[in-house]
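K.L.:
My structure file model02.cif, mmCIF, C-alpha atoms and all ligand atoms, is below:
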data_my_file
loop_
_atom_site.label_atom_id
_atom_site.label_comp_id
_atom_site.auth_asym_id
_atom_site.auth_seq_id
_atom_site.Cartn_x
_atom_site.Cartn_y
_atom_site.Cartn_z
CA MET A 1 108.08 59.55 76.03
CA ILE A 2 111.59 58.93 77.25
CA SER A 3 114.03 61.42 78.68
CA SER A 4 117.76 61.61 78.15
CA LEU A 5 117.89 59.73 74.87
CA PRO A 6 121.17 59.48 72.99
CA PRO A 7 121.79 62.80 71.23
CA GLU A 8 122.11 61.19 67.80
CA LEU A 9 118.34 60.56 67.72
CA ASN A 10 116.47 63.27 65.87
CA ASN A 11 114.00 64.81 68.31
CA LEU A 12 110.95 65.77 66.24
CA LEU A 13 109.08 67.31 69.17
CA GLY A 14 108.24 70.95 68.59
CA SER A 15 109.45 70.99 64.98
CA PRO A 16 107.26 73.31 62.90
CA ILE A 17 105.19 71.84 60.10
CA ASP A 18 107.56 73.00 57.32
CA ASP A 19 110.53 71.27 58.92
CA LEU A 20 108.51 68.11 59.46
CA SER A 21 107.27 68.16 55.86
CA ASP A 22 110.87 68.47 54.64
CA PHE A 23 111.90 65.67 56.95
CA PHE A 24 109.23 63.29 55.63
CA GLU A 25 109.97 64.25 52.04
CA GLY A 26 113.62 63.52 52.72
CA ILE A 27 112.76 59.95 53.66
CA ASP A 28 110.54 59.47 50.57
CA GLN A 29 107.27 60.02 52.38
CA LYS A 30 104.42 62.33 51.51
CA LYS A 31 104.42 65.78 53.13
CA PHE A 32 101.02 65.18 54.73
CA ARG A 33 102.74 62.81 57.18
CA ALA A 34 103.79 65.97 59.00
CA LYS A 35 100.20 66.87 59.83
CA GLN A 36 99.48 63.30 60.84
CA LEU A 37 102.44 63.25 63.21
CA MET A 38 101.46 66.58 64.77
CA SER A 39 97.95 65.32 65.27
CA TRP A 40 99.20 62.28 67.17
CA VAL A 41 101.42 64.38 69.38
CA TYR A 42 99.46 67.54 70.08
CA ASP A 43 95.84 66.32 69.74
CA LEU A 44 96.19 62.86 71.19
CA GLY A 45 99.30 62.97 73.36
CA ILE A 46 100.83 59.93 71.64
CA TYR A 47 104.63 59.92 71.59
CA ASP A 48 105.23 56.27 70.68
CA PHE A 49 105.72 55.90 66.92
CA GLN A 50 104.47 52.29 67.06
CA LEU A 51 101.03 53.53 68.14
CA MET A 52 100.68 55.82 65.11
CA THR A 53 98.36 53.51 63.22
CA ASN A 54 98.07 55.55 60.04
CA PHE A 55 101.82 55.06 59.45
CA ASN A 56 102.80 51.77 57.80
CA ASN A 57 105.05 49.34 59.64
CA SER A 58 108.25 50.27 57.87
CA LEU A 59 107.73 53.99 58.55
CA ARG A 60 107.00 53.29 62.22
CA ASP A 61 110.16 51.19 62.49
CA TYR A 62 112.24 53.84 60.73
CA LEU A 63 110.97 56.55 63.07
CA GLU A 64 111.54 54.41 66.12
CA GLU A 65 115.12 53.67 65.13
CA ASN A 66 116.10 57.19 64.10
CA CYS A 67 113.88 59.67 65.87
CA THR A 68 112.30 60.50 69.16
CA LEU A 69 109.56 62.69 70.58
CA SER A 70 111.05 63.31 73.98
CA PHE A 71 110.90 65.98 76.64
CA ASP A 72 112.26 66.24 80.15
CA GLN A 73 109.91 65.64 83.04
CA PRO A 74 109.78 68.06 85.99
CA SER A 75 111.49 67.16 89.25
CA THR A 76 109.22 69.37 91.33
CA LEU A 77 105.90 71.12 91.16
CA GLU A 78 105.18 73.98 93.52
CA GLN A 79 101.76 75.52 93.86
CA SER A 80 101.12 78.97 95.29
CA LYS A 81 98.13 79.78 97.47
CA ASP A 82 96.88 81.99 94.60
CA GLY A 83 96.84 79.00 92.19
CA THR A 84 100.07 79.84 90.38
CA CYS A 85 102.08 76.69 89.58
CA LYS A 86 105.80 76.41 89.03
CA TRP A 87 107.58 73.40 87.55
CA LEU A 88 111.30 72.85 87.99
CA ILE A 89 112.67 70.93 85.02
CA PRO A 90 116.16 69.43 85.30
CA LYS A 91 118.49 69.87 82.34
CA ASP A 92 121.82 68.23 81.54
CA LYS A 93 123.47 67.03 84.74
CA SER A 94 123.11 69.94 87.11
CA GLN A 95 120.87 72.58 85.55
CA VAL A 96 117.27 73.47 86.27
CA ILE A 97 114.86 75.69 84.38
CA GLU A 98 111.51 77.00 85.56
CA THR A 99 108.10 77.19 83.93
CA VAL A 100 105.19 79.03 85.53
CA TYR A 101 101.41 78.84 85.03
CA ILE A 102 99.32 81.81 86.16
CA PRO A 103 95.55 81.25 86.28
CA GLU A 104 93.35 84.31 85.84
CA GLU A 105 89.62 84.78 85.52
CA ASN A 106 89.33 84.37 81.76
CA ARG A 107 92.65 82.91 80.81
CA GLY A 108 95.62 80.85 81.89
CA THR A 109 99.07 82.11 81.00
CA LEU A 110 102.10 79.89 80.76
CA CYS A 111 105.43 81.64 81.17
CA ILE A 112 108.16 79.62 79.49
CA SER A 113 111.95 79.76 79.46
CA SER A 114 114.04 80.03 76.30
CA GLN A 115 117.54 79.67 77.76
CA ILE A 116 119.28 78.20 80.78
CA GLY A 117 120.19 81.47 82.47
CA CYS A 118 120.56 84.74 80.62
CA LEU A 119 123.48 86.70 79.26
CA ILE A 120 121.81 90.11 79.43
CA ASP A 121 122.66 90.43 83.12
CA CYS A 122 120.00 92.86 84.35
CA PRO A 123 121.07 93.53 87.95
CA PHE A 124 117.52 93.38 89.40
CA CYS A 125 116.69 89.99 87.87
CA ALA A 126 117.26 86.65 89.59
CA THR A 127 117.93 84.90 86.27
CA GLY A 128 120.44 87.56 85.25
CA HIS A 129 122.28 87.05 88.56
CA GLN A 130 122.87 83.39 87.75
CA GLY A 131 124.70 83.94 84.48
CA PHE A 132 124.23 81.95 81.31
CA ASN A 133 124.69 78.32 80.41
CA ARG A 134 123.09 77.55 77.04
CA ASN A 135 120.14 77.98 74.71
CA LEU A 136 117.20 75.61 74.91
CA SER A 137 116.26 73.58 71.83
CA THR A 138 112.80 73.83 70.26
CA SER A 139 111.87 70.49 71.81
CA GLU A 140 112.93 71.79 75.24
CA ILE A 141 110.84 74.94 74.79
CA ILE A 142 107.77 73.03 73.58
CA GLY A 143 108.43 70.35 76.22
CA GLN A 144 107.64 72.93 78.91
CA VAL A 145 104.18 73.47 77.42
CA LEU A 146 103.56 69.72 77.37
CA VAL A 147 104.76 69.32 80.97
CA ALA A 148 102.34 72.03 82.11
CA LYS A 149 99.40 70.79 80.06
CA GLN A 150 99.88 67.18 81.19
CA ASP A 151 100.13 68.13 84.82
CA LEU A 152 97.21 70.56 84.78
CA LYS A 153 95.10 67.95 83.03
CA LYS A 154 95.96 65.36 85.65
CA ARG A 155 95.03 67.66 88.49
CA PHE A 156 92.07 69.61 87.12
CA LYS A 157 90.78 67.14 84.48
CA ARG A 158 90.92 69.91 81.90
CA ASP A 159 92.94 70.20 78.75
CA ASP A 160 92.15 73.84 77.93
CA LEU A 161 93.74 75.69 80.84
CA VAL A 162 96.74 77.06 78.96
CA THR A 163 95.26 79.78 76.74
CA ASN A 164 98.26 82.13 76.51
CA VAL A 165 101.99 81.57 76.26
CA VAL A 166 104.56 84.22 77.10
CA PHE A 167 108.31 83.96 76.49
CA MET A 168 109.07 85.72 79.78
CA GLY A 169 110.70 82.97 81.82
CA MET A 170 114.45 82.45 82.02
CA GLY A 171 116.44 83.89 79.15
CA GLU A 172 116.22 86.36 76.30
CA PRO A 173 114.16 84.60 73.59
CA LEU A 174 115.56 86.70 70.75
CA ALA A 175 119.08 85.63 71.73
CA ASN A 176 117.87 82.10 70.94
CA TYR A 177 116.20 83.29 67.78
CA THR A 178 115.94 80.22 65.55
CA GLU A 179 114.59 77.87 68.22
CA THR A 180 112.16 80.52 69.48
CA ILE A 181 110.73 81.07 66.00
CA LYS A 182 110.25 77.34 65.49
CA ALA A 183 108.51 77.02 68.85
CA ILE A 184 106.21 79.96 68.03
CA LYS A 185 105.21 78.33 64.75
CA THR A 186 104.27 75.10 66.51
CA LEU A 187 102.38 76.93 69.27
CA ASN A 188 100.38 78.81 66.65
CA HIS A 189 99.77 76.09 64.04
CA PRO A 190 96.26 74.50 63.91
CA ASN A 191 97.86 71.04 64.04
CA GLY A 192 100.15 72.17 66.86
CA PHE A 193 98.77 73.91 69.95
CA ASN A 194 96.51 76.17 67.91
CA ILE A 195 97.12 79.18 70.15
CA SER A 196 96.25 82.37 68.31
CA ARG A 197 99.06 84.79 67.50
CA ARG A 198 97.61 87.42 69.80
CA ARG A 199 97.89 85.00 72.70
CA ILE A 200 101.59 84.34 72.19
CA THR A 201 103.91 87.04 73.50
CA VAL A 202 107.62 87.42 72.94
CA SER A 203 109.32 89.54 75.53
CA THR A 204 112.67 91.10 74.70
CA SER A 205 115.19 93.23 76.52
CA GLY A 206 115.91 95.01 73.24
CA LEU A 207 117.85 92.96 70.68
CA VAL A 208 117.01 95.34 67.86
CA PRO A 209 118.32 93.44 64.80
CA GLN A 210 116.47 90.30 65.90
CA LEU A 211 113.34 92.32 66.64
CA ILE A 212 113.36 93.71 63.10
CA LYS A 213 113.85 90.18 61.75
CA LEU A 214 111.01 88.95 63.97
CA SER A 215 108.65 91.49 62.40
CA GLU A 216 109.33 89.85 59.04
CA GLN A 217 108.86 86.26 60.18
CA VAL A 218 106.07 85.85 62.70
CA ASN A 219 103.12 87.79 63.97
CA VAL A 220 102.87 87.65 67.74
CA ALA A 221 102.31 90.08 70.58
CA LEU A 222 105.39 91.99 71.70
CA ALA A 223 106.55 92.98 75.17
CA VAL A 224 109.69 94.97 75.88
CA SER A 225 111.58 95.05 79.17
CA LEU A 226 112.11 98.79 79.33
CA HIS A 227 112.58 99.51 83.06
CA ALA A 228 114.07 102.98 82.55
CA PRO A 229 113.06 106.12 80.63
CA ASN A 230 116.55 107.34 79.63
CA ASP A 231 119.75 105.79 78.32
CA ALA A 232 121.93 106.60 81.31
CA LEU A 233 119.68 104.64 83.67
CA ARG A 234 118.80 101.91 81.19
CA ASP A 235 122.49 101.30 80.47
CA GLU A 236 122.71 100.30 84.11
CA LEU A 237 119.45 98.37 84.50
CA VAL A 238 119.30 96.62 81.11
CA PRO A 239 122.92 96.49 79.88
CA ILE A 240 122.00 95.60 76.27
CA ASN A 241 120.92 99.25 76.08
CA ARG A 242 124.58 100.22 75.65
CA LYS A 243 124.47 98.45 72.33
CA HIS A 244 120.92 99.34 71.29
CA PRO A 245 119.80 102.56 73.01
CA ILE A 246 116.20 103.53 73.68
CA ASP A 247 115.58 105.53 70.47
CA GLU A 248 116.76 102.64 68.31
CA LEU A 249 114.71 100.17 70.33
CA LEU A 250 111.52 102.24 70.19
CA ASP A 251 111.86 102.76 66.42
CA ALA A 252 112.05 98.97 66.04
CA CYS A 253 108.97 98.59 68.27
CA TRP A 254 106.88 101.04 66.24
CA LEU A 255 108.02 99.34 63.05
CA TYR A 256 107.00 95.97 64.48
CA ALA A 257 103.58 97.32 65.55
CA LYS A 258 102.98 98.83 62.11
CA LYS A 259 104.05 95.79 60.14
CA ARG A 260 102.14 93.41 62.35
CA ASN A 261 99.13 95.60 62.83
CA LEU A 262 99.44 95.51 66.63
CA ARG A 263 97.27 97.83 68.63
CA THR A 264 99.90 98.10 71.34
CA VAL A 265 103.38 97.04 72.32
CA THR A 266 103.60 96.28 76.05
CA PHE A 267 106.41 97.94 77.98
CA GLU A 268 107.42 96.22 81.21
CA TYR A 269 108.67 98.59 83.88
CA THR A 270 109.87 97.13 87.19
CA MET A 271 109.38 99.63 90.00
CA LEU A 272 112.63 100.04 91.95
CA LYS A 273 112.59 102.26 94.99
CA GLY A 274 114.65 105.43 94.56
CA VAL A 275 116.07 104.16 91.25
CA ASN A 276 113.52 104.60 88.45
CA ASP A 277 110.30 105.55 90.24
CA SER A 278 110.36 109.34 90.58
CA LYS A 279 107.88 111.81 89.15
CA SER A 280 110.50 112.99 86.64
CA HIS A 281 111.07 109.39 85.50
CA ALA A 282 107.33 109.03 84.93
CA LEU A 283 107.23 112.29 82.93
CA GLU A 284 110.22 111.17 80.85
CA LEU A 285 108.55 107.84 80.15
CA ALA A 286 105.28 109.57 79.24
CA LYS A 287 107.17 111.75 76.75
CA LEU A 288 108.70 108.67 75.11
CA LEU A 289 105.41 106.81 74.73
CA LYS A 290 102.79 109.52 74.30
CA ASN A 291 100.64 109.10 71.16
CA LYS A 292 102.35 105.80 70.37
CA PRO A 293 100.81 102.30 70.27
CA ALA A 294 102.08 101.62 73.78
CA LYS A 295 100.80 100.07 76.96
CA VAL A 296 102.76 100.03 80.21
CA ASN A 297 102.86 97.27 82.82
CA LEU A 298 104.26 98.50 86.11
CA ILE A 299 105.74 95.55 87.97
CA PRO A 300 106.27 95.82 91.72
CA PHE A 301 109.82 94.54 92.25
CA ASN A 302 110.08 91.06 93.74
CA SER A 303 113.14 90.77 95.89
CA PHE A 304 115.45 87.75 96.06
CA PRO A 305 118.51 86.91 98.17
CA GLY A 306 121.66 88.85 97.37
CA VAL A 307 120.02 91.83 95.70
CA SER A 308 120.04 95.33 97.16
CA TYR A 309 117.12 96.79 95.19
CA GLU A 310 113.82 97.36 96.93
CA CYS A 311 110.29 97.69 95.65
CA SER A 312 108.82 101.19 95.32
CA THR A 313 106.11 102.10 97.79
CA ARG A 314 102.48 101.67 96.82
CA ASP A 315 102.03 105.46 96.79
CA LYS A 316 104.97 105.93 94.45
CA ILE A 317 103.65 103.27 92.09
CA ASN A 318 100.21 104.89 92.08
CA GLU A 319 101.68 108.35 91.46
CA PHE A 320 103.79 106.95 88.60
CA ARG A 321 100.80 105.20 87.08
CA ASN A 322 98.60 108.30 87.32
CA ILE A 323 101.15 110.45 85.48
CA LEU A 324 101.20 107.96 82.62
CA ILE A 325 97.42 107.66 82.53
CA GLU A 326 97.04 111.45 82.51
CA SER A 327 99.30 111.47 79.46
CA GLY A 328 96.88 109.11 77.74
CA ILE A 329 99.03 105.98 78.11
CA MET A 330 97.23 102.79 79.03
CA THR A 331 98.92 101.66 82.25
CA ILE A 332 98.30 98.88 84.70
CA THR A 333 100.08 97.78 87.83
CA ARG A 334 100.70 94.08 87.56
CA LYS A 335 99.45 91.99 90.45
CA THR A 336 102.20 89.99 92.06
CA ARG A 337 101.45 86.31 91.55
CA GLY A 338 103.11 83.25 93.03
CA ASP A 339 105.46 85.18 95.29
CA ASP A 340 105.22 82.52 98.03
CA ILE A 341 106.85 80.02 95.65
CA GLN A 342 109.31 82.50 94.07
CA ALA A 343 107.37 82.33 90.81
CA ALA A 344 106.77 86.06 90.52
CA CYS A 345 108.19 88.10 87.68
CA GLY A 346 111.96 88.52 87.97
CA GLN A 347 112.30 85.79 90.57
CA LEU A 348 112.86 82.79 88.31
CA SER A 349 116.24 81.49 89.23
CA GLY A 350 116.37 77.76 88.50
CA LEU A 351 119.88 76.39 88.75
CA VAL A 352 122.45 77.56 86.28
CA ASN A 353 126.10 76.66 85.89
CA ASN A 354 127.37 79.96 84.65
CA LEU A 355 129.40 79.33 81.53
CA ALA A 356 129.26 82.96 80.40
CA LYS A 357 132.76 84.30 80.14
CA LYS A 358 133.18 87.65 81.84
CA SER A 359 134.75 89.04 78.67
CA LEU A 360 131.69 88.04 76.63
CA ARG A 361 129.39 89.72 79.10
CA GLN A 362 131.51 92.87 79.05
CA LYS A 363 131.50 92.84 75.25
CA LEU A 364 127.72 92.73 75.25
CA LYS A 365 127.61 95.77 77.50
CA ARG A 366 130.07 97.84 75.48
CA PRO A 367 128.49 100.56 73.34
CA LEU A 368 128.75 100.23 69.58
CA ASN A 369 131.07 102.77 68.03
S1 LIG A 401 115.22 90.61 82.95
FE1 LIG A 401 115.06 89.24 81.19
S2 LIG A 401 116.75 89.95 79.85
FE2 LIG A 401 117.20 90.79 81.88
S3 LIG A 401 118.55 89.24 82.86
FE3 LIG A 401 116.41 88.76 83.45
S4 LIG A 401 115.76 87.21 81.96
FE4 LIG A 401 117.57 88.26 81.09
#
What does this structure look like when you write it as structure tokens?
Ligand code: SF4
P.N.:
Amino acid sequence: MISSLPPELNNLLGSPIDDLSDFFEGIDQKKFRAKQLMSWVYDLGIYDFQLMTNFNNSLRDYLEENCTLSFDQPSTLEQSKDGTCKWLIPKDKSQVIETVYIPEENRGTLCISSQIGCLIDCPFCATGHQGFNRNLSTSEIIGQVLVAKQDLKKRFKRDDLVTNVVFMGMGEPLANYTETIKAIKTLNHPNGFNISRRRITVSTSGLVPQLIKLSEQVNVALAVSLHAPNDALRDELVPINRKHPIDELLDACWLYAKKRNLRTVTFEYTMLKGVNDSKSHALELAKLLKNKPAKVNLIPFNSFPGVSYECSTRDKINEFRNILIESGIMTITRKTRGDDIQAACGQLSGLVNNLAKKSLRQKLKRPLN
């Protein structure tokens, strides 16, 4: 496994089985080579084509000359006192993305990034504050899973610690649609990571057209960054709302749940003191979600330098939660994990050279008319 290979080499890492089958067919090989390659990579951790002994010599040489299976290694690992791990992975010359592992009693969740930065620009989010640089490739998305698995295996001598993967790190995964779909397919495939569809979650801020497309292409759990119960407030907190308001977003969610037979869609709601945490906000939210396949995660806000928002008080969060529960909506308050290493939700900041043009960001925020 080599980093920073010349870009002309075809990086096969993370490619879904269909793409690999097409690739092998295109070089006059049988399609089953795709499964063999995936087995070497994801079952055995072999990235050197010359060690793939069920490939003949000429195929090995061809692959070595034209392809790679490469992913970037982390520069730093930080471990929280609660067991949460965060890897900083350098990208290009001066970028860094973050990947976080959260151990829990019966599962281990890996939170991966899909972009370097994020264009959505939510004002309470550390990633949003940094701006946007570029999308990650499928190999860069899958590379994060391999970095985490390799490192966890080294330290805990176990290969089964990552049971769940959530696209909730840096970036809006549906804004990097094609690469995200490919990565999901490889995560889910029996010859890939074999993680069941219910254990893979895509989290979106509300890109409705892509969400509808997603419902037709893959079957994974869905989380939505809602954060506000009405359009006026959500326009401010999640600016994509100006393009796709709450009604449109919720219709797409219910459609997704129906098509994909999901028991619930998870709605993430960051608790911001004096902003979205009043009793009337809770009642408004309850009205939106009552009798729907919805579950709410209340997230105590994690502060970061340069932001003026504060976390709601514990009493406010409890009051908010109780109103939702009394309306029959499954609601939990998420435990803050990894806050001593800035790995908590909303704190992922990495290092992003902001290439997002102001005009593009403004365009994204403008309402459709
Ligand atoms: S909350 Fe999510 S969508 Fe909003 S800026 Fe942060 S990473 Fe992007």
K.L.:
Neighbouring residues of ligand LIG 401 (chain A) are defined here as those with any atom at most 7 Å from a ligand atom, counting all atoms listed in the file; list them as a PyMOL selection string.
P.N.:
chain A and resi 118-122+125-128+169-172+204-205+225+238+346
K.L.:
I'd like the interatomic distance between atom CA of Phe55 of chain A and atom CA of Ile141 of chain A, to a tenth of an Å.
P.N.:
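It comes out at 26.7 Å.
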K.L.:
May I ask which of the residues A:Asn230, A:Gln79, A:Asn135, A:Gln217 is the closest one to Leu288 of chain A, counting all atoms listed in the file?
P.N.:
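When distances to Leu288 of chain A are compared using all atoms listed in the file, the smallest one comes from A:Asn230.
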K.L.:
Provide the atom CA of Val41 of chain A to atom CA of Val220 of chain A distance in Å, to one decimal place.
P.N.:
23.4 Å
K.L.:
In Å, rounded to a single decimal, give me how far atom CA of Asn322 of chain A is from atom CA of Asp277 of chain A.
P.N.:
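About the pair atom CA of Asp277 of chain A and atom CA of Asn322 of chain A: they are 12.4 Å apart.
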K.L.:
Write out as a ChimeraX atom specification which residues come within 7 Å of Gly206 of chain A when counting all atoms listed in the file, dropping same-chain ones fewer than 5 positions away.
P.N.:
/A:224,240,244,249
K.L.:
Using C-alpha atoms, can you write the selected residues to a file as a PDB file, in the frame of the given file?
P.N.:
ATOM      1  CA  VAL A 224     109.690  94.970  75.880  1.00  0.00           C
ATOM      2  CA  ILE A 240     122.000  95.600  76.270  1.00  0.00           C
ATOM      3  CA  HIS A 244     120.920  99.340  71.290  1.00  0.00           C
ATOM      4  CA  LEU A 249     114.710 100.170  70.330  1.00  0.00           C
TER       5      LEU A 249
END
K.L.:
Just the residues within 7 Å of Phe301 of chain A, please, counting all atoms listed in the file, with nothing from its chain fewer than 3 positions along; format it as a VMD selection string.
P.N.:
chain A and resid 270 to 272 310 to 311
K.L.:
Closest to Ile317 of chain A among A:Ser75, A:Leu262, A:Pro300, A:Ala175, using all atoms listed in the file?
P.N.:
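Once distances to Ile317 of chain A are computed over all atoms listed in the file, the minimum belongs to A:Pro300.
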K.L.:
Which residue, A:Phe23, A:Tyr42, A:Tyr256, A:Phe267, has the smallest gap to Ile195 of chain A when you use all atoms listed in the file?
P.N.:
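Closest to Ile195 of chain A of all the choices is A:Tyr42.
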K.L.:
Point out the residue among A:Leu9, A:Lys31, A:Trp40, A:Leu211 with the least atom-to-atom distance to Asn191 of chain A, counting only C-alpha atoms.
P.N.:
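Selected residue with least distance to Asn191 of chain A: A:Trp40.
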K.L.:
Just save segment 183-211 of chain A with N, CA and C atoms, as a CSV table (one decimal), in the first residue's frame.
P.N.:
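Okay, result_13.csv is ready:
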chain,number,residue,atom,x,y,z
A,183,ALA,N,-19.1,3.7,-2.4
A,183,ALA,CA,-18.6,3.3,-1.1
A,183,ALA,C,-19.6,2.5,-0.3
A,184,ILE,N,-20.8,2.9,-0.4
A,184,ILE,CA,-21.9,2.1,0.3
A,184,ILE,C,-21.9,0.7,-0.2
A,185,LYS,N,-21.9,0.6,-1.5
A,185,LYS,CA,-22.0,-0.8,-2.1
A,185,LYS,C,-20.8,-1.7,-1.6
A,186,THR,N,-19.6,-1.1,-1.5
A,186,THR,CA,-18.5,-1.9,-1.1
A,186,THR,C,-18.6,-2.2,0.4
A,187,LEU,N,-19.1,-1.3,1.2
A,187,LEU,CA,-19.3,-1.5,2.6
A,187,LEU,C,-20.2,-2.7,2.8
A,188,ASN,N,-21.3,-2.7,2.0
A,188,ASN,CA,-22.4,-3.7,2.2
A,188,ASN,C,-22.1,-5.0,1.6
A,189,HIS,N,-21.3,-5.1,0.5
A,189,HIS,CA,-21.1,-6.3,-0.2
A,189,HIS,C,-20.4,-7.4,0.6
A,190,PRO,N,-20.9,-8.7,0.4
A,190,PRO,CA,-20.3,-9.8,1.2
A,190,PRO,C,-18.8,-10.0,0.9
A,191,ASN,N,-18.3,-9.6,-0.3
A,191,ASN,CA,-16.9,-9.7,-0.5
A,191,ASN,C,-16.2,-8.4,-0.2
A,192,GLY,N,-17.0,-7.4,0.2
A,192,GLY,CA,-16.4,-6.1,0.7
A,192,GLY,C,-16.3,-6.2,2.2
A,193,PHE,N,-16.9,-5.2,2.9
A,193,PHE,CA,-16.8,-5.2,4.4
A,193,PHE,C,-18.0,-6.0,5.0
A,194,ASN,N,-19.0,-6.4,4.2
A,194,ASN,CA,-20.1,-7.2,4.6
A,194,ASN,C,-20.8,-6.6,5.8
A,195,ILE,N,-21.0,-5.3,5.8
A,195,ILE,CA,-21.7,-4.6,6.9
A,195,ILE,C,-23.2,-4.5,6.4
A,196,SER,N,-24.1,-4.9,7.2
A,196,SER,CA,-25.5,-5.0,6.8
A,196,SER,C,-26.0,-3.6,6.5
A,197,ARG,N,-27.0,-3.5,5.6
A,197,ARG,CA,-27.5,-2.2,5.2
A,197,ARG,C,-28.1,-1.4,6.4
A,198,ARG,N,-28.6,-2.1,7.4
A,198,ARG,CA,-29.2,-1.4,8.6
A,198,ARG,C,-28.1,-0.8,9.4
A,199,ARG,N,-26.8,-1.2,9.2
A,199,ARG,CA,-25.7,-0.7,10.0
A,199,ARG,C,-24.9,0.3,9.3
A,200,ILE,N,-25.4,0.7,8.1
A,200,ILE,CA,-24.8,1.8,7.3
A,200,ILE,C,-25.8,3.0,7.3
A,201,THR,N,-25.4,4.1,7.8
A,201,THR,CA,-26.3,5.3,7.8
A,201,THR,C,-25.7,6.4,7.0
A,202,VAL,N,-26.6,7.0,6.1
A,202,VAL,CA,-26.3,8.2,5.4
A,202,VAL,C,-27.0,9.3,6.1
A,203,SER,N,-26.2,10.4,6.4
A,203,SER,CA,-26.8,11.5,7.0
A,203,SER,C,-26.8,12.7,6.1
A,204,THR,N,-28.0,13.3,5.9
A,204,THR,CA,-28.0,14.4,4.9
A,204,THR,C,-28.6,15.7,5.6
A,205,SER,N,-28.2,16.8,5.1
A,205,SER,CA,-28.8,18.1,5.5
A,205,SER,C,-30.1,18.4,4.8
A,206,GLY,N,-30.4,17.6,3.7
A,206,GLY,CA,-31.6,17.8,3.1
A,206,GLY,C,-31.5,18.1,1.6
A,207,LEU,N,-30.6,17.3,0.9
A,207,LEU,CA,-30.6,17.5,-0.6
A,207,LEU,C,-31.7,16.6,-1.2
A,208,VAL,N,-32.8,17.1,-1.4
A,208,VAL,CA,-34.0,16.3,-1.7
A,208,VAL,C,-33.9,15.5,-3.0
A,209,PRO,N,-33.5,16.1,-4.1
A,209,PRO,CA,-33.4,15.3,-5.3
A,209,PRO,C,-32.5,14.1,-5.2
A,210,GLN,N,-31.4,14.3,-4.5
A,210,GLN,CA,-30.4,13.2,-4.3
A,210,GLN,C,-31.0,12.2,-3.3
A,211,LEU,N,-31.8,12.6,-2.4
A,211,LEU,CA,-32.4,11.7,-1.4
A,211,LEU,C,-33.4,10.8,-2.1
